[in-house]
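structure_29.cif (mmCIF, C-alpha atoms)
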```cif
data_work
#
loop_
_atom_site.group_PDB
_atom_site.id
_atom_site.type_symbol
_atom_site.label_atom_id
_atom_site.label_comp_id
_atom_site.auth_asym_id
_atom_site.auth_seq_id
_atom_site.Cartn_x
_atom_site.Cartn_y
_atom_site.Cartn_z
ATOM 1 C CA MET A 907 -196.031 -62.288 -221.536
ATOM 2 C CA TYR A 908 -194.480 -59.753 -219.192
ATOM 3 C CA ARG A 909 -196.529 -61.032 -216.251
ATOM 4 C CA GLN A 910 -195.629 -64.640 -216.981
ATOM 5 C CA LYS A 911 -191.911 -63.852 -217.026
ATOM 6 C CA GLN A 912 -191.847 -61.504 -214.087
ATOM 7 C CA GLN A 913 -189.777 -63.878 -211.924
ATOM 8 C CA GLN A 914 -187.153 -64.528 -214.548
ATOM 9 C CA ARG A 915 -183.994 -62.620 -213.660
ATOM 10 C CA SER A 916 -182.407 -61.991 -217.024
ATOM 11 C CA MET A 917 -181.710 -63.408 -220.430
ATOM 12 C CA THR A 918 -179.381 -62.690 -223.306
ATOM 13 C CA LEU A 919 -181.010 -61.692 -226.545
ATOM 14 C CA THR A 920 -179.954 -60.622 -229.958
ATOM 15 C CA VAL A 921 -180.625 -56.963 -230.613
ATOM 16 C CA ALA A 922 -183.474 -57.795 -232.983
ATOM 17 C CA ALA A 923 -185.153 -60.028 -230.413
ATOM 18 C CA ALA A 924 -184.625 -57.417 -227.727
ATOM 19 C CA VAL A 925 -186.472 -54.780 -229.693
ATOM 20 C CA ALA A 926 -189.350 -57.148 -230.394
ATOM 21 C CA LEU A 927 -189.700 -58.770 -226.995
ATOM 22 C CA VAL A 928 -187.999 -56.923 -224.212
ATOM 23 C CA PRO A 929 -187.922 -53.274 -223.147
ATOM 24 C CA LEU A 930 -184.519 -51.686 -223.098
ATOM 25 C CA ALA A 931 -183.475 -49.961 -219.960
ATOM 26 C CA ALA A 932 -180.958 -47.304 -219.112
ATOM 27 C CA ALA A 933 -178.042 -46.763 -216.458
ATOM 28 C CA CYS A 934 -176.386 -47.337 -213.111
ATOM 29 C CA GLY A 935 -173.628 -45.323 -212.205
ATOM 30 C CA SER A 936 -170.681 -44.648 -210.156
ATOM 31 C CA GLU A 937 -167.398 -42.743 -210.456
ATOM 32 C CA LYS A 938 -166.866 -39.889 -212.907
ATOM 33 C CA ALA A 939 -164.083 -40.224 -215.448
ATOM 34 C CA ASP A 940 -161.593 -37.361 -215.330
ATOM 35 C CA GLY A 941 -161.493 -37.393 -219.104
ATOM 36 C CA GLY A 942 -163.344 -39.999 -221.125
ATOM 37 C CA SER A 943 -162.088 -41.212 -224.471
ATOM 38 C CA GLY A 944 -165.607 -40.926 -225.843
ATOM 39 C CA SER A 945 -166.645 -37.319 -226.323
ATOM 40 C CA VAL A 946 -169.395 -35.237 -227.834
ATOM 41 C CA GLY A 947 -169.174 -31.641 -228.910
ATOM 42 C CA ALA A 948 -166.397 -29.356 -227.700
ATOM 43 C CA GLY A 949 -164.680 -31.684 -225.260
ATOM 44 C CA LYS A 950 -167.936 -32.702 -223.568
ATOM 45 C CA PRO A 951 -167.591 -36.260 -222.237
ATOM 46 C CA LEU A 952 -170.005 -38.988 -223.249
ATOM 47 C CA THR A 953 -168.417 -41.710 -221.139
ATOM 48 C CA GLY A 954 -168.077 -41.755 -217.381
ATOM 49 C CA VAL A 955 -171.242 -39.709 -216.906
ATOM 50 C CA GLN A 956 -174.536 -40.885 -215.475
ATOM 51 C CA TRP A 957 -177.268 -39.490 -217.702
ATOM 52 C CA SER A 958 -180.917 -39.136 -216.751
ATOM 53 C CA ILE A 959 -183.183 -40.126 -219.634
ATOM 54 C CA ASP A 960 -185.729 -37.366 -220.200
ATOM 55 C CA SER A 961 -187.669 -38.663 -223.215
ATOM 56 C CA VAL A 962 -187.579 -40.796 -226.343
ATOM 57 C CA THR A 963 -189.179 -39.751 -229.634
ATOM 58 C CA VAL A 964 -190.049 -42.403 -232.256
ATOM 59 C CA ASP A 965 -191.966 -41.736 -235.490
ATOM 60 C CA GLY A 966 -192.853 -38.275 -234.229
ATOM 61 C CA THR A 967 -194.335 -39.494 -230.930
ATOM 62 C CA THR A 968 -192.567 -38.426 -227.726
ATOM 63 C CA HIS A 969 -192.646 -40.665 -224.647
ATOM 64 C CA ARG A 970 -191.663 -39.048 -221.343
ATOM 65 C CA ALA A 971 -189.265 -41.127 -219.273
ATOM 66 C CA PRO A 972 -189.901 -42.185 -215.664
ATOM 67 C CA GLU A 973 -187.888 -40.210 -213.127
ATOM 68 C CA ALA A 974 -185.482 -43.082 -212.396
ATOM 69 C CA ALA A 975 -184.596 -43.804 -216.042
ATOM 70 C CA ARG A 976 -180.867 -43.388 -216.633
ATOM 71 C CA VAL A 977 -177.925 -44.570 -218.712
ATOM 72 C CA ARG A 978 -174.140 -44.672 -218.348
ATOM 73 C CA ILE A 979 -171.417 -45.584 -220.847
ATOM 74 C CA ASP A 980 -167.921 -46.299 -219.555
ATOM 75 C CA ASP A 981 -164.526 -45.995 -221.225
ATOM 76 C CA SER A 982 -164.235 -49.778 -221.034
ATOM 77 C CA GLY A 983 -166.886 -50.055 -223.749
ATOM 78 C CA GLU A 984 -169.721 -51.133 -221.468
ATOM 79 C CA ALA A 985 -173.141 -49.535 -221.082
ATOM 80 C CA ALA A 986 -175.555 -50.119 -218.218
ATOM 81 C CA GLY A 987 -178.916 -48.714 -217.311
ATOM 82 C CA SER A 988 -182.439 -48.768 -215.953
ATOM 83 C CA THR A 989 -185.820 -47.609 -217.166
ATOM 84 C CA GLY A 990 -186.904 -47.266 -213.572
ATOM 85 C CA CYS A 991 -188.190 -50.836 -213.881
ATOM 86 C CA ASN A 992 -185.890 -53.062 -215.941
ATOM 87 C CA THR A 993 -182.116 -52.962 -216.147
ATOM 88 C CA PHE A 994 -179.754 -53.707 -218.997
ATOM 89 C CA SER A 995 -176.136 -54.011 -220.013
ATOM 90 C CA ALA A 996 -174.664 -53.785 -223.493
ATOM 91 C CA ARG A 997 -171.478 -53.367 -225.455
ATOM 92 C CA ALA A 998 -170.817 -49.741 -226.433
ATOM 93 C CA ASP A 999 -168.638 -48.938 -229.458
ATOM 94 C CA ILE A 1000 -167.703 -45.269 -229.810
ATOM 95 C CA ASP A 1001 -166.419 -43.805 -233.061
ATOM 96 C CA GLY A 1002 -165.970 -40.041 -232.936
ATOM 97 C CA GLU A 1003 -169.422 -38.487 -232.626
ATOM 98 C CA ARG A 1004 -171.213 -41.831 -232.920
ATOM 99 C CA VAL A 1005 -171.989 -44.640 -230.486
ATOM 100 C CA ARG A 1006 -173.456 -48.085 -231.184
ATOM 101 C CA LEU A 1007 -174.988 -50.378 -228.534
ATOM 102 C CA SER A 1008 -174.999 -54.133 -229.181
ATOM 103 C CA ASP A 1009 -175.018 -57.557 -227.462
ATOM 104 C CA ALA A 1010 -177.706 -56.378 -225.086
ATOM 105 C CA MET A 1011 -178.708 -58.254 -221.932
ATOM 106 C CA PHE A 1012 -181.979 -57.384 -220.211
ATOM 107 C CA THR A 1013 -184.090 -58.155 -217.167
ATOM 108 C CA GLU A 1014 -187.796 -58.773 -217.666
ATOM 109 C CA LYS A 1015 -190.216 -57.330 -215.141
ATOM 110 C CA ALA A 1016 -193.594 -55.704 -215.445
ATOM 111 C CA CYS A 1017 -193.879 -52.440 -213.520
ATOM 112 C CA GLU A 1018 -197.115 -50.496 -213.358
ATOM 113 C CA LYS A 1019 -195.395 -47.091 -213.205
ATOM 114 C CA THR A 1020 -193.152 -47.666 -216.240
ATOM 115 C CA PRO A 1021 -195.120 -47.544 -219.528
ATOM 116 C CA ILE A 1022 -194.371 -50.446 -221.871
ATOM 117 C CA ASP A 1023 -194.539 -48.079 -224.862
ATOM 118 C CA PHE A 1024 -191.679 -46.046 -223.400
ATOM 119 C CA GLU A 1025 -189.510 -49.120 -222.819
ATOM 120 C CA LYS A 1026 -190.142 -50.536 -226.284
ATOM 121 C CA SER A 1027 -189.489 -47.178 -227.928
ATOM 122 C CA LEU A 1028 -186.279 -46.746 -225.961
ATOM 123 C CA GLY A 1029 -185.125 -50.247 -226.904
ATOM 124 C CA ARG A 1030 -185.835 -49.673 -230.566
ATOM 125 C CA THR A 1031 -184.063 -46.315 -230.631
ATOM 126 C CA LEU A 1032 -180.925 -47.333 -228.766
ATOM 127 C CA THR A 1033 -180.291 -50.643 -230.541
ATOM 128 C CA THR A 1034 -181.185 -50.205 -234.222
ATOM 129 C CA GLY A 1035 -177.856 -48.788 -235.343
ATOM 130 C CA PRO A 1036 -175.267 -46.078 -234.754
ATOM 131 C CA LEU A 1037 -176.433 -43.021 -232.836
ATOM 132 C CA THR A 1038 -175.206 -39.499 -233.511
ATOM 133 C CA THR A 1039 -174.398 -37.577 -230.323
ATOM 134 C CA LYS A 1040 -174.914 -33.878 -229.656
ATOM 135 C CA THR A 1041 -174.540 -31.881 -226.436
ATOM 136 C CA GLU A 1042 -176.002 -28.544 -225.398
ATOM 137 C CA GLY A 1043 -174.747 -27.537 -221.970
ATOM 138 C CA GLU A 1044 -175.595 -30.386 -219.593
ATOM 139 C CA ARG A 1045 -177.914 -32.071 -222.100
ATOM 140 C CA LEU A 1046 -177.219 -34.878 -224.558
ATOM 141 C CA THR A 1047 -179.241 -35.974 -227.592
ATOM 142 C CA LEU A 1048 -178.809 -39.337 -229.317
ATOM 143 C CA THR A 1049 -180.233 -39.485 -232.845
ATOM 144 C CA THR A 1050 -180.764 -42.472 -235.158
ATOM 145 C CA SER A 1051 -180.346 -42.391 -238.924
ATOM 146 C CA ASP A 1052 -184.174 -42.206 -239.182
ATOM 147 C CA GLY A 1053 -184.332 -39.114 -236.956
ATOM 148 C CA ASP A 1054 -185.639 -40.794 -233.797
ATOM 149 C CA THR A 1055 -184.105 -39.333 -230.635
ATOM 150 C CA VAL A 1056 -183.302 -40.010 -226.999
ATOM 151 C CA ARG A 1057 -182.897 -36.871 -224.901
ATOM 152 C CA LEU A 1058 -180.826 -37.001 -221.730
ATOM 153 C CA SER A 1059 -179.463 -34.652 -219.086
ATOM 154 C CA LYS A 1060 -176.537 -34.964 -216.709
ATOM 155 C CA GLN A 1061 -177.564 -35.964 -213.205
ATOM 156 C CA PRO A 1062 -176.537 -33.459 -210.505
ATOM 157 C CA ASP A 1063 -174.465 -34.484 -207.500
ATOM 158 C CA VAL A 1064 -176.615 -35.769 -204.653
ATOM 159 C CA PRO A 1065 -176.125 -34.057 -201.254
ATOM 160 C CA LEU A 1066 -173.920 -35.586 -198.575
ATOM 161 C CA HIS A 1067 -176.447 -34.910 -195.821
ATOM 162 C CA GLY A 1068 -179.747 -36.744 -195.771
ATOM 163 C CA THR A 1069 -178.764 -39.251 -198.457
ATOM 164 C CA LYS A 1070 -178.757 -42.952 -197.593
ATOM 165 C CA TRP A 1071 -175.358 -44.238 -198.749
ATOM 166 C CA THR A 1072 -174.765 -47.922 -199.511
ATOM 167 C CA VAL A 1073 -171.126 -48.497 -198.593
ATOM 168 C CA THR A 1074 -168.472 -50.791 -200.053
ATOM 169 C CA ALA A 1075 -165.417 -51.569 -197.928
ATOM 170 C CA PRO A 1076 -162.033 -52.119 -199.638
ATOM 171 C CA GLY A 1077 -161.998 -55.663 -200.992
ATOM 172 C CA GLN A 1078 -165.774 -56.074 -200.578
ATOM 173 C CA LYS A 1079 -168.196 -56.687 -203.453
ATOM 174 C CA ASP A 1080 -169.224 -53.485 -205.238
ATOM 175 C CA ALA A 1081 -172.273 -51.791 -203.712
ATOM 176 C CA ASP A 1082 -173.959 -51.735 -207.129
ATOM 177 C CA GLN A 1083 -173.861 -55.555 -207.135
ATOM 178 C CA GLU A 1084 -175.313 -55.896 -203.660
ATOM 179 C CA GLU A 1085 -178.318 -57.927 -204.841
ATOM 180 C CA THR A 1086 -176.090 -60.924 -205.511
ATOM 181 C CA GLY A 1087 -173.774 -60.424 -202.509
ATOM 182 C CA GLN A 1088 -173.821 -62.011 -199.091
ATOM 183 C CA LYS A 1089 -176.813 -60.815 -197.131
ATOM 184 C CA ASP A 1090 -179.090 -62.612 -194.722
ATOM 185 C CA ALA A 1091 -182.677 -61.944 -193.675
ATOM 186 C CA ASP A 1092 -181.543 -59.260 -191.208
ATOM 187 C CA GLY A 1093 -179.754 -57.321 -193.933
ATOM 188 C CA LYS A 1094 -176.270 -58.301 -192.716
ATOM 189 C CA GLY A 1095 -173.621 -58.046 -195.375
ATOM 190 C CA SER A 1096 -174.597 -54.573 -196.523
ATOM 191 C CA ALA A 1097 -173.449 -51.300 -194.998
ATOM 192 C CA ARG A 1098 -175.436 -48.057 -195.031
ATOM 193 C CA LEU A 1099 -174.631 -44.648 -193.601
ATOM 194 C CA THR A 1100 -176.585 -41.394 -193.356
ATOM 195 C CA PHE A 1101 -175.085 -38.003 -192.427
ATOM 196 C CA ASP A 1102 -177.274 -35.604 -190.436
ATOM 197 C CA ARG A 1103 -176.371 -31.925 -190.921
ATOM 198 C CA ASP A 1104 -178.301 -30.560 -187.927
ATOM 199 C CA ALA A 1105 -177.198 -33.194 -185.424
ATOM 200 C CA LYS A 1106 -173.657 -33.335 -186.886
ATOM 201 C CA THR A 1107 -173.723 -37.116 -186.745
ATOM 202 C CA VAL A 1108 -173.412 -40.147 -189.004
ATOM 203 C CA SER A 1109 -175.402 -43.282 -188.293
ATOM 204 C CA GLY A 1110 -176.424 -46.524 -189.927
ATOM 205 C CA ARG A 1111 -175.316 -50.105 -190.117
ATOM 206 C CA LEU A 1112 -172.055 -51.826 -190.935
ATOM 207 C CA PRO A 1113 -171.880 -55.296 -192.504
ATOM 208 C CA CYS A 1114 -172.680 -56.735 -189.059
ATOM 209 C CA ASN A 1115 -173.303 -54.044 -186.411
ATOM 210 C CA ARG A 1116 -175.091 -50.731 -186.150
ATOM 211 C CA VAL A 1117 -172.950 -47.606 -185.746
ATOM 212 C CA ASN A 1118 -173.208 -43.915 -184.910
ATOM 213 C CA ALA A 1119 -170.649 -41.156 -184.369
ATOM 214 C CA GLU A 1120 -170.154 -37.410 -184.479
ATOM 215 C CA ALA A 1121 -169.521 -36.027 -187.970
ATOM 216 C CA THR A 1122 -168.500 -32.429 -188.635
ATOM 217 C CA VAL A 1123 -168.100 -31.290 -192.250
ATOM 218 C CA SER A 1124 -165.794 -28.439 -193.283
ATOM 219 C CA ASP A 1125 -163.745 -27.552 -196.392
ATOM 220 C CA GLY A 1126 -164.118 -30.866 -198.175
ATOM 221 C CA ARG A 1127 -163.315 -32.883 -195.078
ATOM 222 C CA ILE A 1128 -165.335 -34.776 -192.498
ATOM 223 C CA THR A 1129 -164.121 -35.087 -188.920
ATOM 224 C CA LEU A 1130 -165.505 -38.359 -187.578
ATOM 225 C CA GLY A 1131 -165.685 -39.077 -183.880
ATOM 226 C CA ALA A 1132 -165.038 -42.395 -182.165
ATOM 227 C CA PRO A 1133 -167.675 -44.890 -183.337
ATOM 228 C CA SER A 1134 -170.301 -46.324 -181.014
ATOM 229 C CA THR A 1135 -171.396 -49.770 -182.236
ATOM 230 C CA THR A 1136 -173.490 -52.718 -181.192
ATOM 231 C CA ARG A 1137 -171.567 -55.859 -180.241
ATOM 232 C CA MET A 1138 -172.841 -58.608 -182.506
ATOM 233 C CA VAL A 1139 -170.427 -61.133 -184.000
ATOM 234 C CA CYS A 1140 -170.891 -62.283 -187.606
ATOM 235 C CA GLU A 1141 -168.949 -64.489 -189.983
ATOM 236 C CA ALA A 1142 -165.305 -63.578 -190.545
ATOM 237 C CA SER A 1143 -165.722 -61.970 -193.985
ATOM 238 C CA LEU A 1144 -168.340 -59.544 -192.677
ATOM 239 C CA MET A 1145 -166.284 -58.676 -189.609
ATOM 240 C CA ASP A 1146 -163.226 -58.005 -191.801
ATOM 241 C CA ALA A 1147 -165.241 -55.658 -194.033
ATOM 242 C CA GLU A 1148 -166.608 -53.928 -190.938
ATOM 243 C CA LYS A 1149 -163.113 -53.349 -189.531
ATOM 244 C CA ARG A 1150 -162.003 -51.737 -192.798
ATOM 245 C CA ILE A 1151 -164.909 -49.286 -192.715
ATOM 246 C CA LEU A 1152 -164.250 -48.474 -189.048
ATOM 247 C CA ARG A 1153 -160.733 -47.297 -189.984
ATOM 248 C CA LEU A 1154 -162.398 -44.110 -191.244
ATOM 249 C CA PHE A 1155 -163.651 -43.177 -187.788
ATOM 250 C CA ASP A 1156 -161.965 -41.220 -184.987
ATOM 251 C CA GLY A 1157 -160.134 -38.977 -187.449
ATOM 252 C CA ARG A 1158 -160.497 -36.784 -190.518
ATOM 253 C CA VAL A 1159 -161.391 -38.025 -193.990
ATOM 254 C CA ASP A 1160 -161.456 -36.302 -197.366
ATOM 255 C CA TYR A 1161 -164.714 -36.712 -199.246
ATOM 256 C CA ARG A 1162 -165.752 -36.322 -202.875
ATOM 257 C CA ILE A 1163 -169.204 -36.630 -204.404
ATOM 258 C CA ASP A 1164 -169.530 -37.501 -208.080
ATOM 259 C CA GLN A 1165 -173.217 -37.593 -209.037
ATOM 260 C CA GLU A 1166 -174.433 -40.612 -206.985
ATOM 261 C CA THR A 1167 -171.041 -41.784 -205.692
ATOM 262 C CA LEU A 1168 -169.357 -40.750 -202.447
ATOM 263 C CA THR A 1169 -165.639 -41.473 -201.976
ATOM 264 C CA LEU A 1170 -164.156 -41.266 -198.468
ATOM 265 C CA THR A 1171 -160.384 -41.327 -197.973
ATOM 266 C CA SER A 1172 -158.761 -41.390 -194.536
ATOM 267 C CA GLU A 1173 -155.402 -39.880 -193.620
ATOM 268 C CA ASP A 1174 -153.790 -43.348 -193.705
ATOM 269 C CA GLY A 1175 -155.011 -43.877 -197.281
ATOM 270 C CA THR A 1176 -158.009 -46.124 -196.584
ATOM 271 C CA THR A 1177 -160.613 -45.488 -199.289
ATOM 272 C CA VAL A 1178 -164.283 -46.422 -199.036
ATOM 273 C CA ARG A 1179 -166.835 -45.901 -201.800
ATOM 274 C CA ALA A 1180 -170.577 -45.466 -201.306
ATOM 275 C CA VAL A 1181 -173.491 -45.194 -203.730
ATOM 276 C CA ALA A 1182 -176.666 -43.216 -203.063
ATOM 277 C CA GLU A 1183 -179.757 -45.348 -202.613
ATOM 278 C CA ARG A 1184 -182.479 -44.601 -205.156
#
```
Structure rendered as structure tokens:
Amino acid sequence: MYRQKQQQRSMTLTVAAAVALVPLAAACGSEKADGGSGSVGAGKPLTGVQWSIDSVTVDGTTHRAPEAARVRIDDSGEAAGSTGCNTFSARADIDGERVRLSDAMFTEKACEKTPIDFEKSLGRTLTTGPLTTKTEGERLTLTTSDGDTVRLSKQPDVPLHGTKWTVTAPGQKDADQEETGQKDADGKGSARLTFDRDAKTVSGRLPCNRVNAEATVSDGRITLGAPSTTRMVCEASLMDAEKRILRLFDGRVDYRIDQETLTLTSEDGTTVRAVAER
């Protein structure tokens, strides 16, 4: 059934149907909350954190999670995630030390490197009722009333240098939603930058043109040189997004990394967000 539905993008299911038919996935992420309303333990935040899923244990059997499995719950009451194969979104209701996921929406793909048993076990554990939360350091455990568990750990910040950053200009569609955004066969519409520590440069592509410049990092700031770009002309919306990103160059910008999100802010207040490619 998985193979037959591999091309189907997504479908909305009741929780019961989801557990029976579709693997649950775990999270995408972005900016860290300065203080989430949902908490676990002594002030440890549950929301606003991108958690790596380490394992799920059901009926005494532990299933190790693929490396890319993750989950994030936001203060807005939304959860999103990935098993490393399929993605999901759900409503998240937090009540003290408990969280309940409901109204789940899943993609359906078959991936050779993601065991079906892991996905089904994860779906069953996360959607069968309220989960008790417990933290130990940078680790989080979610436990059902039957004693089944999902073990997670907080993802570390990715490095500035060497990471491929997918960039969102102010007013442009969020980088996490790039799959449904404007993009042609040449990749136009997306913007990606990579910082090179040894060469002290930044290079990549803007929504239309390619770009490179000097980039020196010191004390939480990046000094960007004048940009050198190709000279292609694209549709107006792409050129407008490109101009907004170029405002960061030929000056100093503050930068902040929060797990997989990079925020760049120029001296004139222009802010650009980027997400690390996985």
Fewer than 4 positions away in the same chain doesn't count, so skip those; otherwise give me all residues within 8 Å of Arg1006 (chain A), counting all atoms listed in the file, as a VMD selection string.
-> chain A and resid 998 to 1000 1032 to 1033 1035 to 1037
Selection dump of the PyMOL selection byres ((chain A and resi 1138) around 9), as an MDAnalysis selection string | chainID A and resid 1114:1116 1135:1137 1139:1140
Can those selected residues be exported to a file as a short mmCIF file (atom, residue, chain, number, x, y, z; two decimals), in the frame of the given file so that it contains C-alpha atoms?
```cif
data_model
loop_
_atom_site.label_atom_id
_atom_site.label_comp_id
_atom_site.auth_asym_id
_atom_site.auth_seq_id
_atom_site.Cartn_x
_atom_site.Cartn_y
_atom_site.Cartn_z
CA CYS A 1114 -172.68 -56.74 -189.06
CA ASN A 1115 -173.30 -54.04 -186.41
CA ARG A 1116 -175.09 -50.73 -186.15
CA THR A 1135 -171.40 -49.77 -182.24
CA THR A 1136 -173.49 -52.72 -181.19
CA ARG A 1137 -171.57 -55.86 -180.24
CA VAL A 1139 -170.43 -61.13 -184.00
CA CYS A 1140 -170.89 -62.28 -187.61
#
```
Compile the contact shell of Thr1069 (chain A) as a VMD selection string: residues with an atom at most 9 Å away, counting all atoms listed in the file, same-chain residues fewer than 2 positions apart removed.
-> chain A and resid 1064 to 1067 1071 1099 to 1102 1182 to 1183
Preceding selection exported with C-alpha atoms as a compact mmCIF listing (two decimals), in the coordinates of the input:
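part-v9.txt was written with the following content:
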```txt
# COMPACT_ATOMS: atom_id res chain seq x y z
CA VAL A 1064 -176.62 -35.77 -204.65
CA PRO A 1065 -176.12 -34.06 -201.25
CA LEU A 1066 -173.92 -35.59 -198.58
CA HIS A 1067 -176.45 -34.91 -195.82
CA TRP A 1071 -175.36 -44.24 -198.75
CA LEU A 1099 -174.63 -44.65 -193.60
CA THR A 1100 -176.58 -41.39 -193.36
CA PHE A 1101 -175.08 -38.00 -192.43
CA ASP A 1102 -177.27 -35.60 -190.44
CA ALA A 1182 -176.67 -43.22 -203.06
CA GLU A 1183 -179.76 -45.35 -202.61
```
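Counting all atoms listed in the file and comparing A:Ser1008, A:Thr1169, A:Thr1074, A:Thr1050, the residue that lies closest to Gly983 (chain A) is A:Ser1008.
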Translate the PyMOL selection byres ((chain A and resi 1109) around 10) into a concrete residue list for this structure, as a compact mmCIF listing (two decimals) with C-alpha atoms, in the coordinates of the input.
```txt
# COMPACT_ATOMS: atom_id res chain seq x y z
CA LYS A 1070 -178.76 -42.95 -197.59
CA ARG A 1098 -175.44 -48.06 -195.03
CA LEU A 1099 -174.63 -44.65 -193.60
CA THR A 1100 -176.58 -41.39 -193.36
CA PHE A 1101 -175.08 -38.00 -192.43
CA ASP A 1102 -177.27 -35.60 -190.44
CA THR A 1107 -173.72 -37.12 -186.74
CA VAL A 1108 -173.41 -40.15 -189.00
CA GLY A 1110 -176.42 -46.52 -189.93
CA ARG A 1111 -175.32 -50.10 -190.12
CA LEU A 1112 -172.06 -51.83 -190.94
CA ARG A 1116 -175.09 -50.73 -186.15
CA VAL A 1117 -172.95 -47.61 -185.75
CA ASN A 1118 -173.21 -43.92 -184.91
CA ALA A 1119 -170.65 -41.16 -184.37
CA GLU A 1120 -170.15 -37.41 -184.48
CA ALA A 1121 -169.52 -36.03 -187.97
CA PRO A 1133 -167.68 -44.89 -183.34
CA SER A 1134 -170.30 -46.32 -181.01
CA THR A 1135 -171.40 -49.77 -182.24
```
Take CA of Arg1162 (chain A) and CA of Gly990 (chain A) and report the distance between them in Å, one decimal.
-> 26.1 Å
